[in-house]
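Structure record follows, encoded as structure tokens.
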Amino acid sequence: MARDFHIPGECLVQVKGRSDSGIASLSELGLSDNPVTVTPVFHHDDINVDAWGEAPAEIQVMLAEVRISFTLIQFDRSVLDTCLRLSMGFPSAIGQLSRAGTRLGGNVARFVPGNNFIGLNFTSPIDNKPWRFFFAYLMDPPATFPLTTRKSIIPTQWRAVPYTTDPWQGGVGAANYALWDHILDS
Amino acid sequence: MRDFNIPGECLVKVKGTGALLAAAGLISGSVVDGSAALLELGLTADNVQVSPRLYHADIPVDDYGPNVPAEVLAMLGEAFVSMRLIHYDPIVLDACIAESMGGSSLAGVGSPLSGTSGGLNSFTGFAGTLAPAGTPLMGYKNIFASGCHFMSLNVLSPVLNYPYRFPMSYIPGDPLGIPFGTERSVVDVRWRALPYDPVPSQGLTTFEFRSQNAVLWDHQPD
């Protein structure tokens with residue numbers, strides 16, 4: 001592929017959650033007032049050998065996760081509330097808590113009731129390279145709500161993790177596990 | 001050849017009869033002699049630690065003085081396998097503990113396929129009942145024979161392809177820690193593996209304790 005400038009375009013944030021939630025179908029969360037930042041976080045372990053001094057002789061890959069942040073300026077408040085509820089373990093109403101220790105994945109598949117992870121999607125209409133994070137949630141601090149006469153601009157912080165119901169995966173572990181891809185949820 | 005040794009994702013599996021057969025849903029009452037169930041116990045929070053303990057006896061000779069033996073005798077060994085289970089089957093763990101306690105009475109256990117109270121899908125299936133004092137774990141029987149409560153412990157090694165099997169193992173109960181709380185339970189378990197000599201062996205037709213060719217561990221998982 002030849003070199004070029006890359007301009008993703010107008011980035012609409014869309015989310016999809018468990019089938020008994022308010023975002024059971026792909027829902028528009030909103031537009032951001034500045035770039036959406038996607039930051040992969042790689043985990044590596046050094047292997048040190050006394051004969052190799054202080055520098056590692058080898059590195060082991062220990063999977064990865066992704067941090068995503070964006071600031072909502074034109075957004076659907078009810079969709080954001082649902083995202084907050086899911087990230088809190090899906091209590092009955094916004095502002096409530098779920099019991100301590102509630103699992104976000106719940107040992108069930110994506111979008112099944114009990115799985116509170118959110119499918120986080122970003123459109124890319126010019127570059128035509130959308131992003132989809134399969135298992136995301138609002139991490140601390142999830143959002144900051146300015147209460148003002150001016151328009152609300154809400155910064156949000158997300159985390160996408162390689163959730164699985166079976167870390168063994170028949171003996172191959174996380175091999176070929178998709179942390180993200182470029183096909184939007186439907 | 002030298003290299004870094006990375007065993008890989010270590011799945012712990014156990015094979016046995018009695019309570020393990022019941023945990024597998026294969027019986028609801030009497031045990032079928034000679035049959036055994038190979039079950040997944042679980043994945044660990046960090047590495048599985050295999051610690052062989054080898055025993056020796058010194059043969060002192062006056063000519064060698066009081067401190068240094070002239071010969072050393074190998075006096076068998078045992079092994080301890082420590083693990084912290086985090087993604088595990090609690091019913092299989094209960095069954096392993098029950099077998100290590102001398103075999104749990106299955107009386108009152110419901111249908112293995114039912115989820116009713118007392119059934120094997122509930123935790124009341126293995127309630128911590130003790131066997132009578134003095135109950136032998138082996139009982140002069142081969143592994144996987146009805147009445148033998150030892151289990152075969154397997155630790156897989158899919159990357160290095162160097163699995164461990166301890167054919168005659170049990171949980172001695174120290175340490176055994178099962179935390180209860182709102183966080184995920186990480187269970188500390190230490191297994192004890194003893195030498196295993198199958199019967200019949202060496203052409204014998206009756207059971208006899210013989211240490212020659214006894215296996216403490218091998219690398220052929222069940």
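Within each chain, counting starts at residue 1; across the structure tokens, chains are named A, B, ... in the order shown, with ligands numbered 1 upward in that order.
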I need the residues of chain B that end up classed as helix (DSSP H, G or I) by DSSP on the backbone, written out as a VMD selection string.
chain B and resid 19 to 23 62 to 64 90 to 100 123 to 125
Export N, CA, C and O atoms of the chosen residues as a PDB file, in the first residue's frame?
ATOM      1  N   ALA B  19     -15.371 -40.663  43.763  1.00  0.00           N
ATOM      2  CA  ALA B  19     -16.017 -39.350  43.711  1.00  0.00           C
ATOM      3  C   ALA B  19     -15.772 -38.661  42.370  1.00  0.00           C
ATOM      4  O   ALA B  19     -16.605 -37.881  41.909  1.00  0.00           O
ATOM      5  N   LEU B  20     -14.640 -38.944  41.728  1.00  0.00           N
ATOM      6  CA  LEU B  20     -14.390 -38.314  40.428  1.00  0.00           C
ATOM      7  C   LEU B  20     -15.329 -38.867  39.375  1.00  0.00           C
ATOM      8  O   LEU B  20     -15.783 -38.147  38.484  1.00  0.00           O
ATOM      9  N   LEU B  21     -15.624 -40.156  39.433  1.00  0.00           N
ATOM     10  CA  LEU B  21     -16.615 -40.728  38.531  1.00  0.00           C
ATOM     11  C   LEU B  21     -17.971 -40.073  38.763  1.00  0.00           C
ATOM     12  O   LEU B  21     -18.694 -39.755  37.835  1.00  0.00           O
ATOM     13  N   ALA B  22     -18.289 -39.873  40.027  1.00  0.00           N
ATOM     14  CA  ALA B  22     -19.553 -39.227  40.339  1.00  0.00           C
ATOM     15  C   ALA B  22     -19.566 -37.785  39.840  1.00  0.00           C
ATOM     16  O   ALA B  22     -20.557 -37.314  39.303  1.00  0.00           O
ATOM     17  N   ALA B  23     -18.442 -37.085  39.991  1.00  0.00           N
ATOM     18  CA  ALA B  23     -18.365 -35.697  39.516  1.00  0.00           C
ATOM     19  C   ALA B  23     -18.531 -35.627  38.008  1.00  0.00           C
ATOM     20  O   ALA B  23     -19.017 -34.637  37.477  1.00  0.00           O
ATOM     21  N   ASP B  62      33.852 -46.153  59.600  1.00  0.00           N
ATOM     22  CA  ASP B  62      34.773 -45.546  60.556  1.00  0.00           C
ATOM     23  C   ASP B  62      35.983 -44.930  59.855  1.00  0.00           C
ATOM     24  O   ASP B  62      36.458 -43.860  60.234  1.00  0.00           O
ATOM     25  N   ASP B  63      36.426 -45.632  58.793  1.00  0.00           N
ATOM     26  CA  ASP B  63      37.595 -45.131  58.071  1.00  0.00           C
ATOM     27  C   ASP B  63      37.336 -43.773  57.436  1.00  0.00           C
ATOM     28  O   ASP B  63      38.259 -43.047  57.115  1.00  0.00           O
ATOM     29  N   TYR B  64      36.062 -43.425  57.223  1.00  0.00           N
ATOM     30  CA  TYR B  64      35.714 -42.165  56.576  1.00  0.00           C
ATOM     31  C   TYR B  64      35.423 -41.063  57.587  1.00  0.00           C
ATOM     32  O   TYR B  64      34.992 -39.987  57.211  1.00  0.00           O
ATOM     33  N   PRO B  90     -15.328 -26.383  40.544  1.00  0.00           N
ATOM     34  CA  PRO B  90     -15.404 -26.611  41.997  1.00  0.00           C
ATOM     35  C   PRO B  90     -15.911 -28.000  42.358  1.00  0.00           C
ATOM     36  O   PRO B  90     -15.570 -28.519  43.422  1.00  0.00           O
ATOM     37  N   ILE B  91     -16.694 -28.616  41.469  1.00  0.00           N
ATOM     38  CA  ILE B  91     -17.198 -29.961  41.782  1.00  0.00           C
ATOM     39  C   ILE B  91     -16.056 -30.966  41.643  1.00  0.00           C
ATOM     40  O   ILE B  91     -15.922 -31.906  42.435  1.00  0.00           O
ATOM     41  N   VAL B  92     -15.201 -30.796  40.659  1.00  0.00           N
ATOM     42  CA  VAL B  92     -14.042 -31.681  40.520  1.00  0.00           C
ATOM     43  C   VAL B  92     -13.110 -31.485  41.715  1.00  0.00           C
ATOM     44  O   VAL B  92     -12.583 -32.458  42.268  1.00  0.00           O
ATOM     45  N   LEU B  93     -12.914 -30.244  42.137  1.00  0.00           N
ATOM     46  CA  LEU B  93     -12.068 -29.998  43.300  1.00  0.00           C
ATOM     47  C   LEU B  93     -12.656 -30.666  44.535  1.00  0.00           C
ATOM     48  O   LEU B  93     -11.949 -31.310  45.307  1.00  0.00           O
ATOM     49  N   ASP B  94     -13.976 -30.531  44.698  1.00  0.00           N
ATOM     50  CA  ASP B  94     -14.637 -31.197  45.823  1.00  0.00           C
ATOM     51  C   ASP B  94     -14.418 -32.700  45.766  1.00  0.00           C
ATOM     52  O   ASP B  94     -14.187 -33.352  46.796  1.00  0.00           O
ATOM     53  N   ALA B  95     -14.507 -33.265  44.574  1.00  0.00           N
ATOM     54  CA  ALA B  95     -14.321 -34.715  44.420  1.00  0.00           C
ATOM     55  C   ALA B  95     -12.894 -35.119  44.778  1.00  0.00           C
ATOM     56  O   ALA B  95     -12.661 -36.154  45.413  1.00  0.00           O
ATOM     57  N   CYS B  96     -11.921 -34.308  44.389  1.00  0.00           N
ATOM     58  CA  CYS B  96     -10.513 -34.610  44.726  1.00  0.00           C
ATOM     59  C   CYS B  96     -10.316 -34.565  46.239  1.00  0.00           C
ATOM     60  O   CYS B  96      -9.614 -35.395  46.817  1.00  0.00           O
ATOM     61  N   ILE B  97     -10.928 -33.579  46.874  1.00  0.00           N
ATOM     62  CA  ILE B  97     -10.812 -33.479  48.327  1.00  0.00           C
ATOM     63  C   ILE B  97     -11.512 -34.658  48.985  1.00  0.00           C
ATOM     64  O   ILE B  97     -11.005 -35.250  49.951  1.00  0.00           O
ATOM     65  N   ALA B  98     -12.660 -35.038  48.447  1.00  0.00           N
ATOM     66  CA  ALA B  98     -13.391 -36.176  49.006  1.00  0.00           C
ATOM     67  C   ALA B  98     -12.564 -37.452  48.902  1.00  0.00           C
ATOM     68  O   ALA B  98     -12.484 -38.240  49.856  1.00  0.00           O
ATOM     69  N   GLU B  99     -11.937 -37.688  47.775  1.00  0.00           N
ATOM     70  CA  GLU B  99     -11.096 -38.884  47.616  1.00  0.00           C
ATOM     71  C   GLU B  99      -9.908 -38.830  48.560  1.00  0.00           C
ATOM     72  O   GLU B  99      -9.512 -39.850  49.138  1.00  0.00           O
ATOM     73  N   SER B 100      -9.345 -37.656  48.752  1.00  0.00           N
ATOM     74  CA  SER B 100      -8.191 -37.516  49.643  1.00  0.00           C
ATOM     75  C   SER B 100      -8.589 -37.724  51.100  1.00  0.00           C
ATOM     76  O   SER B 100      -7.744 -38.006  51.944  1.00  0.00           O
ATOM     77  N   PHE B 123     -23.367 -28.318  45.353  1.00  0.00           N
ATOM     78  CA  PHE B 123     -22.198 -28.539  46.180  1.00  0.00           C
ATOM     79  C   PHE B 123     -22.475 -29.496  47.331  1.00  0.00           C
ATOM     80  O   PHE B 123     -21.549 -29.872  48.036  1.00  0.00           O
ATOM     81  N   THR B 124     -23.725 -29.872  47.534  1.00  0.00           N
ATOM     82  CA  THR B 124     -23.998 -30.781  48.635  1.00  0.00           C
ATOM     83  C   THR B 124     -23.651 -32.214  48.266  1.00  0.00           C
ATOM     84  O   THR B 124     -23.746 -33.100  49.092  1.00  0.00           O
ATOM     85  N   GLY B 125     -23.245 -32.475  47.020  1.00  0.00           N
ATOM     86  CA  GLY B 125     -22.898 -33.822  46.616  1.00  0.00           C
ATOM     87  C   GLY B 125     -21.681 -34.356  47.351  1.00  0.00           C
ATOM     88  O   GLY B 125     -21.556 -35.546  47.562  1.00  0.00           O
TER      89      GLY B 125
END
Distance limit 9 Å, atoms considered: only C-alpha atoms. Which chain B residues sit that close to chain A? Return them as an NGL selection string.
:B and (4 or 8-11 or 43 or 87 or 156-159 or 181-184)
Write the residues of the selection above to a file with all heavy atoms, as a compact mmCIF listing (two decimals), in the first residue's frame.
# COMPACT_ATOMS: atom_id res chain seq x y z
N PHE B 4 15.50 -21.31 26.58
CA PHE B 4 14.52 -20.96 27.60
C PHE B 4 13.42 -22.02 27.55
O PHE B 4 13.01 -22.44 26.47
CB PHE B 4 13.94 -19.58 27.34
CG PHE B 4 14.98 -18.49 27.39
CD1 PHE B 4 15.35 -17.83 26.24
CD2 PHE B 4 15.59 -18.15 28.59
CE1 PHE B 4 16.31 -16.83 26.28
CE2 PHE B 4 16.54 -17.15 28.64
CZ PHE B 4 16.91 -16.50 27.48
N GLY B 8 4.10 -23.27 28.95
CA GLY B 8 2.86 -22.85 28.31
C GLY B 8 1.69 -22.85 29.28
O GLY B 8 1.87 -22.87 30.49
N GLU B 9 0.50 -22.82 28.70
CA GLU B 9 -0.72 -22.75 29.53
C GLU B 9 -0.91 -24.10 30.23
O GLU B 9 -1.24 -25.08 29.60
CB GLU B 9 -1.94 -22.44 28.63
CG GLU B 9 -1.83 -21.12 27.87
CD GLU B 9 -1.14 -21.25 26.51
OE1 GLU B 9 -0.48 -22.28 26.27
OE2 GLU B 9 -1.27 -20.33 25.69
N CYS B 10 -0.70 -24.13 31.53
CA CYS B 10 -0.70 -25.40 32.25
C CYS B 10 -2.10 -25.74 32.76
O CYS B 10 -2.52 -25.22 33.79
CB CYS B 10 0.28 -25.34 33.42
SG CYS B 10 1.99 -25.37 32.91
N LEU B 11 -2.81 -26.57 32.04
CA LEU B 11 -4.10 -27.06 32.51
C LEU B 11 -3.85 -28.26 33.42
O LEU B 11 -3.07 -29.15 33.10
CB LEU B 11 -4.97 -27.48 31.33
CG LEU B 11 -6.35 -28.05 31.66
CD1 LEU B 11 -7.25 -27.00 32.30
CD2 LEU B 11 -7.00 -28.62 30.40
N LEU B 43 -7.26 -24.12 35.68
CA LEU B 43 -6.09 -23.31 35.35
C LEU B 43 -5.64 -22.57 36.60
O LEU B 43 -6.44 -22.32 37.51
CB LEU B 43 -6.44 -22.31 34.24
CG LEU B 43 -6.86 -22.91 32.91
CD1 LEU B 43 -7.50 -21.85 32.03
CD2 LEU B 43 -5.66 -23.52 32.21
N HIS B 87 -9.26 -20.66 37.75
CA HIS B 87 -10.36 -20.93 36.79
C HIS B 87 -10.57 -22.44 36.83
O HIS B 87 -9.96 -23.18 36.06
CB HIS B 87 -9.93 -20.44 35.39
CG HIS B 87 -11.05 -20.39 34.40
ND1 HIS B 87 -11.33 -21.40 33.51
CD2 HIS B 87 -11.97 -19.41 34.15
CE1 HIS B 87 -12.38 -21.05 32.76
NE2 HIS B 87 -12.77 -19.85 33.13
N LEU B 156 -0.52 -30.24 32.15
CA LEU B 156 -0.21 -30.18 30.73
C LEU B 156 0.79 -29.07 30.43
O LEU B 156 0.97 -28.14 31.22
CB LEU B 156 -1.50 -29.98 29.93
CG LEU B 156 -2.58 -31.05 30.15
CD1 LEU B 156 -3.73 -30.84 29.20
CD2 LEU B 156 -1.99 -32.44 30.00
N SER B 157 1.39 -29.16 29.26
CA SER B 157 2.47 -28.24 28.88
C SER B 157 2.43 -28.06 27.36
O SER B 157 3.27 -28.59 26.64
CB SER B 157 3.81 -28.82 29.33
OG SER B 157 4.89 -28.12 28.79
N PRO B 158 1.45 -27.31 26.85
CA PRO B 158 1.21 -27.30 25.39
C PRO B 158 2.29 -26.60 24.58
O PRO B 158 2.39 -26.84 23.38
CB PRO B 158 -0.14 -26.58 25.27
CG PRO B 158 -0.25 -25.75 26.50
CD PRO B 158 0.43 -26.53 27.57
N VAL B 159 3.08 -25.74 25.17
CA VAL B 159 4.11 -25.04 24.40
C VAL B 159 5.41 -25.85 24.39
O VAL B 159 5.98 -26.14 23.35
CB VAL B 159 4.36 -23.63 24.97
CG1 VAL B 159 5.52 -22.95 24.25
CG2 VAL B 159 3.09 -22.78 24.81
N GLY B 181 -15.32 -14.93 49.54
CA GLY B 181 -15.48 -13.48 49.59
C GLY B 181 -16.09 -12.98 48.30
O GLY B 181 -16.57 -13.75 47.47
N THR B 182 -16.09 -11.67 48.11
CA THR B 182 -16.68 -11.10 46.91
C THR B 182 -15.71 -11.18 45.73
O THR B 182 -16.13 -11.12 44.59
CB THR B 182 -17.06 -9.64 47.13
OG1 THR B 182 -15.89 -8.91 47.55
CG2 THR B 182 -18.15 -9.50 48.19
N GLU B 183 -14.42 -11.32 46.00
CA GLU B 183 -13.46 -11.46 44.91
C GLU B 183 -13.41 -12.91 44.44
O GLU B 183 -13.86 -13.82 45.14
CB GLU B 183 -12.07 -11.03 45.38
CG GLU B 183 -11.97 -9.55 45.66
CD GLU B 183 -10.53 -9.08 45.83
OE1 GLU B 183 -9.63 -9.86 45.50
OE2 GLU B 183 -10.33 -7.96 46.29
N ARG B 184 -12.86 -13.14 43.27
CA ARG B 184 -12.75 -14.52 42.75
C ARG B 184 -11.86 -15.32 43.71
O ARG B 184 -10.85 -14.83 44.20
CB ARG B 184 -12.18 -14.55 41.32
CG ARG B 184 -10.69 -14.26 41.18
CD ARG B 184 -10.41 -12.78 41.28
NE ARG B 184 -8.99 -12.47 41.18
CZ ARG B 184 -8.18 -12.38 42.21
NH1 ARG B 184 -8.63 -12.64 43.43
NH2 ARG B 184 -6.91 -12.06 42.05
Which residues come within 8 Å of Pro155 of chain A, counting only C-alpha atoms, excluding same-chain residues fewer than 4 positions away, as an NGL selection string?
:A and (69-72 or 143-144)
Selection above as a file: N, CA and C atoms, as a PDB file, in the first residue's frame:
ATOM      1  N   SER A  69     -10.039   6.843  24.571  1.00  0.00           N
ATOM      2  CA  SER A  69     -10.635   8.014  25.217  1.00  0.00           C
ATOM      3  C   SER A  69     -11.191   8.938  24.150  1.00  0.00           C
ATOM      4  N   PHE A  70     -12.288   9.554  24.482  1.00  0.00           N
ATOM      5  CA  PHE A  70     -12.872  10.565  23.610  1.00  0.00           C
ATOM      6  C   PHE A  70     -13.783  11.447  24.452  1.00  0.00           C
ATOM      7  N   THR A  71     -14.065  12.617  23.913  1.00  0.00           N
ATOM      8  CA  THR A  71     -14.887  13.595  24.641  1.00  0.00           C
ATOM      9  C   THR A  71     -16.166  13.813  23.866  1.00  0.00           C
ATOM     10  N   LEU A  72     -17.278  13.427  24.463  1.00  0.00           N
ATOM     11  CA  LEU A  72     -18.563  13.533  23.792  1.00  0.00           C
ATOM     12  C   LEU A  72     -19.087  14.969  23.839  1.00  0.00           C
ATOM     13  N   ALA A 143     -16.412   9.013  33.328  1.00  0.00           N
ATOM     14  CA  ALA A 143     -16.852  10.216  32.635  1.00  0.00           C
ATOM     15  C   ALA A 143     -16.901  11.350  33.651  1.00  0.00           C
ATOM     16  N   THR A 144     -16.791  12.530  33.145  1.00  0.00           N
ATOM     17  CA  THR A 144     -16.894  13.717  34.000  1.00  0.00           C
ATOM     18  C   THR A 144     -18.047  14.553  33.479  1.00  0.00           C
TER      19      THR A 144
END
Tell me which protein, DNA and RNA residues are within 10 Å of Asp181 of chain A, counting only C-alpha atoms, leaving out same-chain ones fewer than 2 positions away, and put them as a PyMOL selection string.
chain A and resi 121+129-134+178-179+183-184
Atom pair atom CA of Tyr55 of chain B / atom CA of Leu216 of chain B: separation (Å)
12.9 Å
If you measure from atom CA of Met101 of chain B to atom CA of Leu26 of chain B, what distance in Å do you get, rounded to one decimal?
20.8 Å
